[in-house]
Each structure stands twice: as structure tokens, then as C-alpha cells.
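Structure file upload.cif (mmCIF, N, CA and C atoms) follows.
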```cif
data_protein
loop_
_atom_site.label_atom_id
_atom_site.label_comp_id
_atom_site.auth_asym_id
_atom_site.auth_seq_id
_atom_site.Cartn_x
_atom_site.Cartn_y
_atom_site.Cartn_z
N MET A 1 -27.19 -35.64 -30.43
CA MET A 1 -26.04 -36.40 -30.02
C MET A 1 -26.33 -37.04 -28.67
N LYS A 2 -26.14 -38.29 -28.59
CA LYS A 2 -26.43 -39.04 -27.38
C LYS A 2 -25.13 -39.29 -26.61
N LEU A 3 -25.17 -39.02 -25.29
CA LEU A 3 -23.99 -39.21 -24.46
C LEU A 3 -23.98 -40.61 -23.88
N ASN A 4 -22.78 -41.14 -23.74
CA ASN A 4 -22.62 -42.43 -23.07
C ASN A 4 -22.83 -42.24 -21.58
N ALA A 5 -23.07 -43.31 -20.89
CA ALA A 5 -23.27 -43.25 -19.44
C ALA A 5 -22.00 -42.77 -18.73
N ALA A 6 -20.83 -43.04 -19.29
CA ALA A 6 -19.57 -42.64 -18.67
C ALA A 6 -19.28 -41.15 -18.85
N GLU A 7 -19.90 -40.48 -19.81
CA GLU A 7 -19.61 -39.07 -20.10
C GLU A 7 -20.59 -38.10 -19.47
N THR A 8 -21.62 -38.57 -18.81
CA THR A 8 -22.67 -37.67 -18.32
C THR A 8 -22.19 -36.73 -17.22
N GLY A 9 -21.29 -37.10 -16.39
CA GLY A 9 -20.83 -36.24 -15.30
C GLY A 9 -19.48 -35.60 -15.55
N GLN A 10 -18.96 -35.65 -16.76
CA GLN A 10 -17.62 -35.15 -17.06
C GLN A 10 -17.51 -33.65 -16.84
N ALA A 11 -18.47 -32.89 -17.30
CA ALA A 11 -18.41 -31.44 -17.15
C ALA A 11 -18.47 -31.03 -15.68
N THR A 12 -19.26 -31.73 -14.89
CA THR A 12 -19.35 -31.43 -13.47
C THR A 12 -18.03 -31.71 -12.77
N VAL A 13 -17.39 -32.79 -13.10
CA VAL A 13 -16.10 -33.13 -12.48
C VAL A 13 -15.03 -32.12 -12.89
N GLU A 14 -15.01 -31.74 -14.16
CA GLU A 14 -14.04 -30.74 -14.62
C GLU A 14 -14.26 -29.41 -13.92
N PHE A 15 -15.51 -29.00 -13.78
CA PHE A 15 -15.82 -27.75 -13.09
C PHE A 15 -15.39 -27.82 -11.63
N ALA A 16 -15.63 -28.94 -10.98
CA ALA A 16 -15.24 -29.12 -9.58
C ALA A 16 -13.72 -29.08 -9.42
N LEU A 17 -12.98 -29.53 -10.42
CA LEU A 17 -11.52 -29.49 -10.34
C LEU A 17 -10.97 -28.09 -10.58
N VAL A 18 -11.62 -27.32 -11.42
CA VAL A 18 -11.14 -25.99 -11.78
C VAL A 18 -11.60 -24.92 -10.80
N LEU A 19 -12.72 -25.11 -10.14
CA LEU A 19 -13.31 -24.10 -9.26
C LEU A 19 -12.37 -23.58 -8.17
N PRO A 20 -11.63 -24.40 -7.44
CA PRO A 20 -10.72 -23.84 -6.42
C PRO A 20 -9.66 -22.90 -7.01
N PHE A 21 -9.15 -23.22 -8.20
CA PHE A 21 -8.15 -22.35 -8.82
C PHE A 21 -8.76 -21.03 -9.27
N LEU A 22 -9.98 -21.07 -9.77
CA LEU A 22 -10.67 -19.83 -10.14
C LEU A 22 -10.95 -18.97 -8.91
N PHE A 23 -11.29 -19.60 -7.82
CA PHE A 23 -11.55 -18.89 -6.58
C PHE A 23 -10.27 -18.22 -6.06
N LEU A 24 -9.16 -18.94 -6.04
CA LEU A 24 -7.89 -18.35 -5.61
C LEU A 24 -7.44 -17.22 -6.53
N PHE A 25 -7.66 -17.40 -7.83
CA PHE A 25 -7.29 -16.35 -8.77
C PHE A 25 -8.11 -15.09 -8.53
N SER A 26 -9.40 -15.22 -8.30
CA SER A 26 -10.24 -14.04 -8.06
C SER A 26 -9.85 -13.35 -6.75
N LEU A 27 -9.53 -14.12 -5.71
CA LEU A 27 -9.07 -13.52 -4.47
C LEU A 27 -7.74 -12.80 -4.66
N SER A 28 -6.87 -13.37 -5.49
CA SER A 28 -5.57 -12.74 -5.77
C SER A 28 -5.75 -11.41 -6.48
N VAL A 29 -6.67 -11.35 -7.41
CA VAL A 29 -6.93 -10.09 -8.13
C VAL A 29 -7.43 -9.02 -7.16
N VAL A 30 -8.31 -9.39 -6.25
CA VAL A 30 -8.82 -8.44 -5.26
C VAL A 30 -7.69 -7.98 -4.34
N GLN A 31 -6.83 -8.89 -3.91
CA GLN A 31 -5.72 -8.53 -3.01
C GLN A 31 -4.72 -7.61 -3.71
N VAL A 32 -4.40 -7.88 -4.96
CA VAL A 32 -3.47 -7.02 -5.70
C VAL A 32 -4.07 -5.62 -5.87
N GLY A 33 -5.35 -5.55 -6.13
CA GLY A 33 -6.01 -4.25 -6.23
C GLY A 33 -5.97 -3.48 -4.92
N SER A 34 -6.15 -4.17 -3.82
CA SER A 34 -6.09 -3.54 -2.51
C SER A 34 -4.68 -3.04 -2.18
N ILE A 35 -3.68 -3.83 -2.55
CA ILE A 35 -2.29 -3.41 -2.32
C ILE A 35 -1.95 -2.20 -3.19
N ALA A 36 -2.41 -2.19 -4.43
CA ALA A 36 -2.18 -1.04 -5.31
C ALA A 36 -2.85 0.21 -4.74
N ASN A 37 -4.03 0.06 -4.18
CA ASN A 37 -4.72 1.19 -3.56
C ASN A 37 -3.93 1.72 -2.37
N ASP A 38 -3.39 0.84 -1.55
CA ASP A 38 -2.57 1.26 -0.41
C ASP A 38 -1.30 1.98 -0.87
N GLN A 39 -0.70 1.52 -1.97
CA GLN A 39 0.49 2.18 -2.49
C GLN A 39 0.17 3.59 -2.96
N LEU A 40 -0.95 3.77 -3.63
CA LEU A 40 -1.36 5.11 -4.07
C LEU A 40 -1.65 6.02 -2.88
N ALA A 41 -2.31 5.48 -1.87
CA ALA A 41 -2.61 6.26 -0.67
C ALA A 41 -1.32 6.65 0.06
N LEU A 42 -0.35 5.76 0.10
CA LEU A 42 0.93 6.04 0.74
C LEU A 42 1.67 7.16 0.01
N GLY A 43 1.64 7.13 -1.31
CA GLY A 43 2.26 8.20 -2.10
C GLY A 43 1.60 9.55 -1.85
N HIS A 44 0.28 9.54 -1.77
CA HIS A 44 -0.45 10.79 -1.50
C HIS A 44 -0.11 11.32 -0.10
N ALA A 45 -0.03 10.42 0.88
CA ALA A 45 0.30 10.83 2.24
C ALA A 45 1.72 11.39 2.32
N ALA A 46 2.66 10.79 1.58
CA ALA A 46 4.04 11.30 1.58
C ALA A 46 4.10 12.70 1.00
N ARG A 47 3.38 12.93 -0.10
CA ARG A 47 3.35 14.28 -0.69
C ARG A 47 2.71 15.29 0.25
N SER A 48 1.63 14.90 0.92
CA SER A 48 0.96 15.81 1.85
C SER A 48 1.86 16.16 3.02
N ALA A 49 2.56 15.17 3.56
CA ALA A 49 3.45 15.42 4.69
C ALA A 49 4.63 16.29 4.28
N ALA A 50 5.22 16.01 3.12
CA ALA A 50 6.35 16.81 2.66
C ALA A 50 5.92 18.26 2.42
N ARG A 51 4.75 18.44 1.86
CA ARG A 51 4.25 19.80 1.61
C ARG A 51 4.00 20.53 2.93
N ALA A 52 3.41 19.85 3.90
CA ALA A 52 3.13 20.48 5.19
C ALA A 52 4.42 20.91 5.89
N ILE A 53 5.47 20.10 5.78
CA ILE A 53 6.74 20.44 6.41
C ILE A 53 7.43 21.57 5.66
N SER A 54 7.34 21.56 4.35
CA SER A 54 8.10 22.54 3.56
C SER A 54 7.54 23.95 3.66
N LEU A 55 6.31 24.11 4.12
CA LEU A 55 5.70 25.44 4.15
C LEU A 55 6.17 26.31 5.31
N GLY A 56 6.74 25.74 6.33
CA GLY A 56 7.12 26.54 7.49
C GLY A 56 8.56 26.34 7.90
N ASP A 57 9.02 27.23 8.74
CA ASP A 57 10.36 27.12 9.31
C ASP A 57 10.24 26.26 10.56
N VAL A 58 10.50 24.95 10.41
CA VAL A 58 10.27 23.99 11.49
C VAL A 58 11.57 23.34 11.90
N THR A 59 11.57 22.83 13.13
CA THR A 59 12.70 22.08 13.63
C THR A 59 12.46 20.60 13.34
N ASP A 60 13.48 19.78 13.60
CA ASP A 60 13.34 18.34 13.37
C ASP A 60 12.22 17.74 14.21
N GLN A 61 12.12 18.17 15.47
CA GLN A 61 11.11 17.62 16.37
C GLN A 61 9.70 18.00 15.91
N SER A 62 9.50 19.26 15.56
CA SER A 62 8.17 19.68 15.12
C SER A 62 7.85 19.10 13.73
N ALA A 63 8.88 18.86 12.91
CA ALA A 63 8.66 18.26 11.59
C ALA A 63 8.09 16.85 11.73
N ASN A 64 8.57 16.11 12.72
CA ASN A 64 8.03 14.77 12.97
C ASN A 64 6.55 14.82 13.34
N GLN A 65 6.20 15.78 14.19
CA GLN A 65 4.81 15.90 14.61
C GLN A 65 3.93 16.36 13.45
N ILE A 66 4.41 17.30 12.66
CA ILE A 66 3.65 17.78 11.50
C ILE A 66 3.44 16.66 10.49
N ALA A 67 4.49 15.88 10.24
CA ALA A 67 4.38 14.77 9.29
C ALA A 67 3.42 13.70 9.81
N THR A 68 3.49 13.39 11.09
CA THR A 68 2.59 12.39 11.67
C THR A 68 1.14 12.85 11.55
N ASN A 69 0.87 14.11 11.84
CA ASN A 69 -0.48 14.64 11.72
C ASN A 69 -0.96 14.62 10.27
N ALA A 70 -0.09 14.98 9.34
CA ALA A 70 -0.47 15.00 7.93
C ALA A 70 -0.78 13.59 7.43
N VAL A 71 0.03 12.61 7.83
CA VAL A 71 -0.20 11.22 7.42
C VAL A 71 -1.49 10.70 8.04
N ASP A 72 -1.71 10.97 9.32
CA ASP A 72 -2.92 10.50 10.00
C ASP A 72 -4.18 11.11 9.40
N ASN A 73 -4.10 12.36 8.97
CA ASN A 73 -5.26 13.03 8.37
C ASN A 73 -5.50 12.61 6.93
N THR A 74 -4.49 12.05 6.27
CA THR A 74 -4.60 11.72 4.85
C THR A 74 -5.05 10.28 4.62
N ILE A 75 -4.49 9.33 5.38
CA ILE A 75 -4.79 7.91 5.12
C ILE A 75 -5.23 7.22 6.41
N THR A 76 -5.83 6.06 6.26
CA THR A 76 -6.30 5.30 7.42
C THR A 76 -5.44 4.07 7.71
N LEU A 77 -4.27 3.98 7.12
CA LEU A 77 -3.37 2.85 7.37
C LEU A 77 -2.74 2.99 8.75
N ASN A 78 -2.60 1.88 9.44
CA ASN A 78 -1.99 1.89 10.77
C ASN A 78 -0.53 1.47 10.68
N ASN A 79 0.26 1.92 11.63
CA ASN A 79 1.67 1.55 11.76
C ASN A 79 2.49 1.93 10.52
N VAL A 80 2.32 3.15 10.07
CA VAL A 80 3.12 3.67 8.97
C VAL A 80 4.40 4.24 9.56
N ARG A 81 5.54 3.80 9.02
CA ARG A 81 6.83 4.32 9.49
C ARG A 81 7.16 5.58 8.72
N ILE A 82 7.53 6.64 9.44
CA ILE A 82 7.80 7.94 8.83
C ILE A 82 9.25 8.31 9.08
N ASP A 83 9.99 8.58 8.00
CA ASP A 83 11.36 9.07 8.09
C ASP A 83 11.41 10.44 7.43
N ILE A 84 12.02 11.40 8.13
CA ILE A 84 12.07 12.77 7.64
C ILE A 84 13.51 13.21 7.52
N GLU A 85 13.80 13.91 6.44
CA GLU A 85 15.11 14.51 6.25
C GLU A 85 14.91 15.97 5.89
N LEU A 86 15.37 16.84 6.78
CA LEU A 86 15.25 18.28 6.56
C LEU A 86 16.59 18.83 6.12
N GLY A 87 16.58 19.51 5.02
CA GLY A 87 17.78 20.20 4.55
C GLY A 87 17.51 21.70 4.52
N ASP A 88 18.49 22.45 4.07
CA ASP A 88 18.29 23.89 3.97
C ASP A 88 17.31 24.25 2.87
N LYS A 89 17.31 23.47 1.80
CA LYS A 89 16.47 23.80 0.65
C LYS A 89 15.34 22.81 0.41
N PHE A 90 15.43 21.60 0.96
CA PHE A 90 14.43 20.58 0.67
C PHE A 90 13.98 19.87 1.94
N ALA A 91 12.73 19.40 1.90
CA ALA A 91 12.18 18.55 2.95
C ALA A 91 11.77 17.24 2.29
N GLN A 92 12.28 16.14 2.81
CA GLN A 92 11.97 14.83 2.23
C GLN A 92 11.28 13.97 3.28
N VAL A 93 10.20 13.31 2.87
CA VAL A 93 9.47 12.40 3.73
C VAL A 93 9.44 11.03 3.06
N ALA A 94 9.84 10.00 3.80
CA ALA A 94 9.79 8.63 3.30
C ALA A 94 8.87 7.83 4.21
N LEU A 95 7.90 7.15 3.61
CA LEU A 95 6.95 6.34 4.36
C LEU A 95 7.11 4.88 3.98
N SER A 96 6.91 4.00 4.94
CA SER A 96 6.88 2.58 4.65
C SER A 96 5.76 1.94 5.46
N TYR A 97 5.14 0.94 4.85
CA TYR A 97 3.99 0.27 5.44
C TYR A 97 4.05 -1.20 5.09
N THR A 98 3.86 -2.05 6.06
CA THR A 98 3.89 -3.49 5.84
C THR A 98 2.45 -4.00 5.79
N ARG A 99 2.12 -4.62 4.66
CA ARG A 99 0.76 -5.11 4.41
C ARG A 99 0.75 -6.63 4.47
N LYS A 100 -0.14 -7.18 5.27
CA LYS A 100 -0.27 -8.63 5.39
C LYS A 100 -1.12 -9.16 4.23
N ILE A 101 -0.71 -10.31 3.68
CA ILE A 101 -1.45 -10.96 2.60
C ILE A 101 -2.47 -11.90 3.23
N ASN A 102 -3.75 -11.72 2.89
CA ASN A 102 -4.82 -12.46 3.54
C ASN A 102 -5.44 -13.55 2.67
N ILE A 103 -4.76 -14.00 1.66
CA ILE A 103 -5.31 -15.02 0.76
C ILE A 103 -4.90 -16.40 1.28
N PRO A 104 -5.84 -17.35 1.34
CA PRO A 104 -5.46 -18.70 1.75
C PRO A 104 -4.42 -19.28 0.79
N ILE A 105 -3.55 -20.08 1.28
CA ILE A 105 -2.47 -20.77 0.57
C ILE A 105 -1.40 -19.77 0.11
N ILE A 106 -1.77 -18.77 -0.66
CA ILE A 106 -0.80 -17.78 -1.15
C ILE A 106 -0.26 -16.96 0.02
N GLY A 107 -1.10 -16.67 1.02
CA GLY A 107 -0.66 -15.93 2.20
C GLY A 107 0.40 -16.66 3.00
N ARG A 108 0.43 -17.97 2.90
CA ARG A 108 1.48 -18.73 3.57
C ARG A 108 2.81 -18.66 2.81
N LEU A 109 2.74 -18.50 1.51
CA LEU A 109 3.96 -18.39 0.70
C LEU A 109 4.52 -16.97 0.75
N ILE A 110 3.65 -15.99 0.60
CA ILE A 110 4.03 -14.58 0.65
C ILE A 110 3.28 -13.99 1.83
N ASN A 111 3.92 -13.93 2.98
CA ASN A 111 3.23 -13.53 4.21
C ASN A 111 2.88 -12.05 4.23
N GLU A 112 3.80 -11.20 3.78
CA GLU A 112 3.55 -9.76 3.82
C GLU A 112 4.34 -9.04 2.74
N VAL A 113 3.88 -7.85 2.41
CA VAL A 113 4.51 -7.00 1.40
C VAL A 113 4.78 -5.65 2.05
N THR A 114 5.98 -5.14 1.88
CA THR A 114 6.31 -3.82 2.41
C THR A 114 6.24 -2.79 1.29
N LEU A 115 5.43 -1.77 1.51
CA LEU A 115 5.25 -0.70 0.53
C LEU A 115 6.07 0.51 0.97
N HIS A 116 6.67 1.19 -0.01
CA HIS A 116 7.49 2.37 0.27
C HIS A 116 7.04 3.51 -0.62
N SER A 117 7.14 4.72 -0.09
CA SER A 117 6.87 5.90 -0.89
C SER A 117 7.63 7.07 -0.28
N SER A 118 8.09 7.96 -1.13
CA SER A 118 8.79 9.15 -0.63
C SER A 118 8.43 10.35 -1.48
N ALA A 119 8.58 11.51 -0.88
CA ALA A 119 8.30 12.76 -1.58
C ALA A 119 9.28 13.82 -1.10
N THR A 120 9.69 14.65 -2.01
CA THR A 120 10.60 15.75 -1.69
C THR A 120 9.97 17.05 -2.17
N MET A 121 9.97 18.05 -1.31
CA MET A 121 9.41 19.36 -1.64
C MET A 121 10.44 20.43 -1.29
N PRO A 122 10.50 21.50 -2.10
CA PRO A 122 11.39 22.61 -1.75
C PRO A 122 10.86 23.34 -0.53
N ARG A 123 11.75 23.72 0.35
CA ARG A 123 11.34 24.45 1.57
C ARG A 123 11.09 25.90 1.21
N GLU A 124 10.01 26.43 1.70
CA GLU A 124 9.63 27.82 1.45
C GLU A 124 9.82 28.61 2.74
N LEU A 125 11.07 28.87 3.04
CA LEU A 125 11.39 29.59 4.28
C LEU A 125 11.13 31.07 4.11
N GLN A 126 10.62 31.68 5.17
CA GLN A 126 10.35 33.12 5.14
C GLN A 126 11.66 33.88 5.34
N VAL A 127 11.91 34.81 4.45
CA VAL A 127 13.11 35.64 4.54
C VAL A 127 12.74 36.91 5.29
N THR A 128 13.44 37.15 6.41
CA THR A 128 13.18 38.36 7.20
C THR A 128 14.29 39.35 6.93
N SER A 129 13.90 40.59 6.80
CA SER A 129 14.92 41.61 6.54
C SER A 129 14.88 42.72 7.56
#
```

Written as C-alpha cells, how would this file's structure read?
Amino acid sequence: MKLNAAETGQATVEFALVLPFLFLFSLSVVQVGSIANDQLALGHAARSAARAISLGDVTDQSANQIATNAVDNTITLNNVRIDIELGDKFAQVALSYTRKINIPIIGRLINEVTLHSSATMPRELQVTS
């Protein structure tokens, strides 16, 4: 099959038109995977912090320090907001983290995503008699 002179560069032009969209799509897939990884890490950190608080008879002030240490030892995310609720029977830890979107063009439309995770554990208070 012989090509006309007008058709010889058609595939190259089509590829050049589609390439930026393929590039943005591949960057988006990587960014979504990274955000999903951060969400999983945040959930793990919330469970670790809630477990650390629930194991001892702690005050609100020491619970904040225990939760901060547990989160810092579990994940490497910076500026994680930690909210703690201590009850008589349960300890609840809620974490939130704001993740910046680093994809060109899409990052201007969706600047950041806030991830949330919480965990509740029964308190194991020592009974003294």
C-alpha cells in the first residue's frame, strides 16, 4: 500500500497531540496511588495511637503526648492534626492530614486533598483492689 504525500506524517501528528494527555494521565495515576498510600498510613497511625493510649491509665495531657509519639514513630507525614477523646471505656484518636496535589494543570484545579482517619479502642484500665 502506497501512502500519499499528505498522509506520511499523520501518525506523528496524532501521537504529538495525544502525548500530553497520556503524560497527565500517567502522572494522575501516580498521584492517586500516593494519596491512597498516605490514607492507609494515616489509618495505621490512628490505630497505633489509639492502642497506645488505651493500654494505660492516662490523663488528657499525657494522652496527647503518647498519641503524638505513636504517630511520629509510625508514619513520616508532617503536620498531622491529632484529636483525642478519652472516655471511661474508650479512647478515640482522629487524625487529619492535608496533602498537596503536585500535578501540573490538575494541581491548579484541585490544590489539596484533606485525608481523615480515626480509630477507637477499649481502654484497659488496671483495677486495683

Checklist entry - Which residues match the PyMOL selection byres ((chain A and resi 67) around 7) in the file above, as a PyMOL selection string? => result chain A and resi 48-50+52-53+62-66+68-72

Item to check | Neighbour residues at most 7 Å from (10.7, 16.3, -0.4) (all atoms listed in the file) as a ChimeraX atom specification | outcome: /A:50-51,90-93,118-122

Checklist entry - What is the distance, in Å and to one decimal place, between CA of Leu42 in chain A and CA of Leu115 in chain A? => result 8.0 Å

Item to check | Atom pair CA of Gly87 in chain A / atom N of Thr114 in chain A: separation (Å) | outcome: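 Calculated distance between CA of Gly87 in chain A and atom N of Thr114 in chain A is 28.1 Å.
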
Next on the checklist: Taking the DSSP secondary structure from the backbone, can you list the residues of range 34-85 of chain A that are helix (DSSP H, G or I), as a VMD selection string?
Outcome noted: chain A and resid 34 to 54 60 to 74

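If you look at CA of Tyr97 in chain A and CA of Arg123 in chain A, they are 25.6 Å away from each other.
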
Checklist entry - Among chain A, which residues carry a DSSP assignment of strand (DSSP E), reported as JSON, numbers by chain? => result {"A": [81, 82, 83, 84, 85, 86, 90, 91, 92, 93, 94, 95, 96, 97, 98, 99, 100, 112, 113, 114, 115, 116, 117, 118, 119, 120, 121, 122]}

Checklist entry - Could you spell out the hits of the PyMOL selection byres ((chain A and resi 83) around 6) on the shown file, as a ChimeraX atom specification? => result /A:81-82,84-85,92-95
